[in-house]
Every structure is written in structure tokens, then in C-alpha cells.
Amino acid sequence: MLPAYNYIAIEGNIGAGKTTLSTRMAEQFGARLILEQFEDNSFLPKFYEDPERFAFPLELSFLADRYQQLINKLTVRDMFHPVTIADYFIHKSLIFARKTLGDQEFALYSRVFAIIDNVLPKPDLLVYLYLRIDRLQHNIRKRGRSYEQNIQDDYLGKIQEGYFDYIRQQSGMRVLLIDTNNIDFVANPSDYDRLVELIMQDHPIGVHRFEM
């Protein structure tokens, strides 16, 4: 049974499990998988050490990388993989930049983003996986990326609020805001099945909130 959508974007804060879920769903449904290539970004470790200095080059480099990847993938039809599942949505660039950049830098960044955003296809469904900060920190520590180990709760909280602000403003797209604090879809197959069943349903346009 295929999803009711051609293009699904799975979003969430750092450590929410979006890459794991996207990968498993793509394997299950034979979908084309798009994973963000963030580990190759040389500015990322520098940003966590000195955010004020490296925020602008980090956000610009992420935006360029995301745009290049999505334009290459989404504008070419794949006859063998009609469904596309991505572990990010390009608008995360704007959400993170709003929280990391000063006002003047963000104004310039927004102008560049608007040009890029106009030429990229929008997902048929945007899924946001919500986890509390303590659960996010647990997952971050568990996966053990050295440059992430000093991420502060305050930073994760700002990013979470940025996503919530963005979701509250959406009225013309399908958005699922799913509270996953009471399930473990990585370790528990039944939790995974329940989550995927929810995502696969034919949802009307608008923001829909679910607690698992």
C-alpha cells in the first residue's frame, strides 16, 4: 500500500528521528529517498564552537547544498520510484536562520531564500515529529556525533519554537504535527507501524495535531 502522496517531507528538531523514519519508510514503500548531507558541511563544527562568528556562512552553505540537492532530485521524474520521501524541507533553512542570524543578516538571507523557494516543488505532506528537549538530548548523546555533544537546551528550544511558529502560519498545505514522546518507533515495530499508518492516511489541507 503506497502513501497517498507523491512527495513527503519528514521534519523535526535535532535528534527527533526524521532520518531514521524517512529511511525506513522509503525502504518499505520503494520510494526515492532524499537525505540531507549535513555531515560534509565544514562550518557545522565551527558553528557549535563559535555560533556568532559562523552562523551566516553556515546557513548560506546549508541553503546552497539543500537547493542543489532538491533541484537535482525533484525536477527529474523517476519512473521506478514515483514516491519521494525526504528527511527535510527547504523551509527549515529559514527557520534555523531566523534563530541564528542577526536582523540585517537575516533580511539578506531571506531575499536569497525567496528566490530559491519559488523554483522548488512543495511537499504534498509535511510531517513534524515533536519530542521534548530531554528526549532530543538523549538521542543526540546516543548517536554520539562529537560536534553535537555540547548543544544546549536553550538552542534546541529556540529551534523548536521556530518550527511551531512556522507551522502555525501554514494554511495552504498538509501538515501533521505528531507528538512522539510516548512511543519508540525506532525500537518498537508496532509503534513504527502505527506512526506510518497515521502518515499514510489521506489528510485534508491544513495543520493536524496528533498524540501517539
# chains A, B, ... in the order shown; residues from 1 in each chain; ligands from 1
>>> closest_atom_pairs(of="stretch 12-79 of chain A", to="stretch 179-186 of chain A", cutoff="9 Å", atoms="only C-alpha atoms", output="CSV")
residue,atom,partner,partner_atom,distance
A:Ala16,CA,A:Thr180,CA,8.8
A:Gly17,CA,A:Val186,CA,8.0
A:Thr20,CA,A:Val186,CA,7.4
A:Leu21,CA,A:Val186,CA,7.8
>>> write_last_selection(atoms="N, CA and C atoms", output="short mmCIF file (atom, residue, chain, number, x, y, z; two decimals), in the first residue's frame")
data_model
loop_
_atom_site.label_atom_id
_atom_site.label_comp_id
_atom_site.auth_asym_id
_atom_site.auth_seq_id
_atom_site.Cartn_x
_atom_site.Cartn_y
_atom_site.Cartn_z
N ALA A 16 15.28 14.20 16.50
CA ALA A 16 13.88 13.77 16.57
C ALA A 16 13.63 12.44 15.88
N GLY A 17 14.57 11.98 15.04
CA GLY A 17 14.42 10.70 14.37
C GLY A 17 13.92 10.80 12.95
N THR A 20 15.88 8.47 10.42
CA THR A 20 15.55 7.07 10.63
C THR A 20 14.18 6.74 10.05
N LEU A 21 13.18 7.58 10.34
CA LEU A 21 11.84 7.34 9.84
C LEU A 21 11.79 7.43 8.32
#
>>> residues_around(residues="A:Gly162", least_positions_apart="4", cutoff="8 Å", atoms="only C-alpha atoms", output="list in words")
Ile95, Phe96, Arg98, Lys99, Lys158 and Tyr166 of chain A
>>> select_by_dssp(residues="chain A", states="helix (DSSP H, G or I)", output="NGL selection string")
:A and (18-29 or 38-40 or 43-49 or 51-74 or 92-100 or 103-117 or 133-143 or 146-148 or 153-168 or 189-200)
>>> residues_around(residues="stretch 61-63 of chain A", least_positions_apart="4", cutoff="7 Å", atoms="only C-alpha atoms", output="PyMOL selection string")
chain A and resi 57+67+93
>>> write_last_selection(atoms="N, CA and C atoms", output="PDB file, in the first residue's frame")
ATOM      1  N   PRO A  57      27.829  32.085   7.407  1.00  0.00           N
ATOM      2  CA  PRO A  57      28.341  31.165   6.388  1.00  0.00           C
ATOM      3  C   PRO A  57      27.741  29.765   6.500  1.00  0.00           C
ATOM      4  N   TYR A  67      19.384  23.394  -1.724  1.00  0.00           N
ATOM      5  CA  TYR A  67      18.802  23.766  -3.017  1.00  0.00           C
ATOM      6  C   TYR A  67      19.354  22.886  -4.128  1.00  0.00           C
ATOM      7  N   SER A  93      15.628  25.882   6.394  1.00  0.00           N
ATOM      8  CA  SER A  93      16.696  26.870   6.260  1.00  0.00           C
ATOM      9  C   SER A  93      16.276  28.205   6.858  1.00  0.00           C
TER      10      SER A  93
END
>>> select_by_dssp(residues="stretch 135-208 of chain A", states="strand (DSSP E or B)", output="list in words")
Arg174, Val175, Leu176, Leu177, Ile178, Asp179, Gly206, Val207 and His208 of chain A
>>> write_last_selection(atoms="N, CA and C atoms", output="compact mmCIF listing (two decimals), in the first residue's frame")
# COMPACT_ATOMS: atom_id res chain seq x y z
N ARG A 174 -0.66 20.53 3.64
CA ARG A 174 -0.96 19.50 4.62
C ARG A 174 0.20 19.37 5.58
N VAL A 175 -0.08 19.54 6.87
CA VAL A 175 0.95 19.44 7.89
C VAL A 175 0.45 18.53 9.01
N LEU A 176 1.27 17.55 9.37
CA LEU A 176 0.98 16.71 10.53
C LEU A 176 1.97 17.04 11.63
N LEU A 177 1.49 17.49 12.77
CA LEU A 177 2.31 17.73 13.95
C LEU A 177 2.07 16.55 14.90
N ILE A 178 3.05 15.65 15.00
CA ILE A 178 2.85 14.39 15.71
C ILE A 178 3.72 14.35 16.97
N ASP A 179 3.08 14.24 18.12
CA ASP A 179 3.77 14.10 19.40
C ASP A 179 4.21 12.63 19.53
N GLY A 206 -4.30 21.61 5.69
CA GLY A 206 -4.39 22.25 6.99
C GLY A 206 -3.41 21.62 7.96
N VAL A 207 -3.37 22.13 9.17
CA VAL A 207 -2.48 21.62 10.21
C VAL A 207 -3.27 20.66 11.10
N HIS A 208 -2.73 19.45 11.27
CA HIS A 208 -3.40 18.42 12.06
C HIS A 208 -2.45 17.95 13.16
>>> closest_residue(among="A:Asp87, A:Glu49, A:Asp153, A:Asp124", to="A:Arg24", atoms="only C-alpha atoms")
A:Asp87
>>> atom_distance(atom1="atom CA of A:Phe38", atom2="atom CA of A:Met212")
28.9 Å
>>> closest_residue(among="A:Pro121, A:Arg145, A:Gly157, A:Pro82", to="A:Ala4", atoms="only C-alpha atoms")
A:Pro82
>>> closest_residue(among="A:Asp193, A:Asp65, A:Glu52, A:Asp103", to="A:Glu36", atoms="only C-alpha atoms")
A:Asp65
>>> residues_around(residues="A:Ser22", least_positions_apart="3", cutoff="8 Å", atoms="only C-alpha atoms", output="list in words")
Ile10, Lys18, Thr19, Met25, Ala26, Leu33, Ile85, Ala86 and Asp87 of chain A
>>> write_last_selection(atoms="N, CA and C atoms", output="PDB file, in the first residue's frame")
ATOM      1  N   ILE A  10       9.720  14.755   5.951  1.00  0.00           N
ATOM      2  CA  ILE A  10       9.705  14.470   7.390  1.00  0.00           C
ATOM      3  C   ILE A  10      10.617  15.482   8.071  1.00  0.00           C
ATOM      4  N   LYS A  18      14.007  11.972  12.353  1.00  0.00           N
ATOM      5  CA  LYS A  18      13.466  12.167  10.998  1.00  0.00           C
ATOM      6  C   LYS A  18      14.219  11.358   9.940  1.00  0.00           C
ATOM      7  N   THR A  19      15.530  11.238  10.062  1.00  0.00           N
ATOM      8  CA  THR A  19      16.291  10.465   9.079  1.00  0.00           C
ATOM      9  C   THR A  19      15.982   8.979   9.192  1.00  0.00           C
ATOM     10  N   MET A  25      10.756   4.268   5.893  1.00  0.00           N
ATOM     11  CA  MET A  25       9.579   4.386   5.043  1.00  0.00           C
ATOM     12  C   MET A  25       9.944   4.231   3.569  1.00  0.00           C
ATOM     13  N   ALA A  26      11.055   4.813   3.164  1.00  0.00           N
ATOM     14  CA  ALA A  26      11.482   4.696   1.771  1.00  0.00           C
ATOM     15  C   ALA A  26      11.768   3.244   1.408  1.00  0.00           C
ATOM     16  N   LEU A  33      14.554   8.237  -1.895  1.00  0.00           N
ATOM     17  CA  LEU A  33      14.918   8.816  -0.603  1.00  0.00           C
ATOM     18  C   LEU A  33      15.877   9.980  -0.801  1.00  0.00           C
ATOM     19  N   ILE A  85      10.455  10.564  -0.529  1.00  0.00           N
ATOM     20  CA  ILE A  85      10.441  10.863   0.900  1.00  0.00           C
ATOM     21  C   ILE A  85      11.764  11.534   1.260  1.00  0.00           C
ATOM     22  N   ALA A  86      11.682  12.697   1.875  1.00  0.00           N
ATOM     23  CA  ALA A  86      12.873  13.461   2.258  1.00  0.00           C
ATOM     24  C   ALA A  86      12.896  13.649   3.762  1.00  0.00           C
ATOM     25  N   ASP A  87      14.098  13.726   4.328  1.00  0.00           N
ATOM     26  CA  ASP A  87      14.209  13.931   5.779  1.00  0.00           C
ATOM     27  C   ASP A  87      14.387  15.406   6.127  1.00  0.00           C
TER      28      ASP A  87
END
>>> atom_distance(atom1="atom CA of A:His81", atom2="atom CA of A:Asp191")
25.7 Å
>>> atom_distance(atom1="atom CA of A:Gly144", atom2="atom CA of A:Tyr88")
20.9 Å
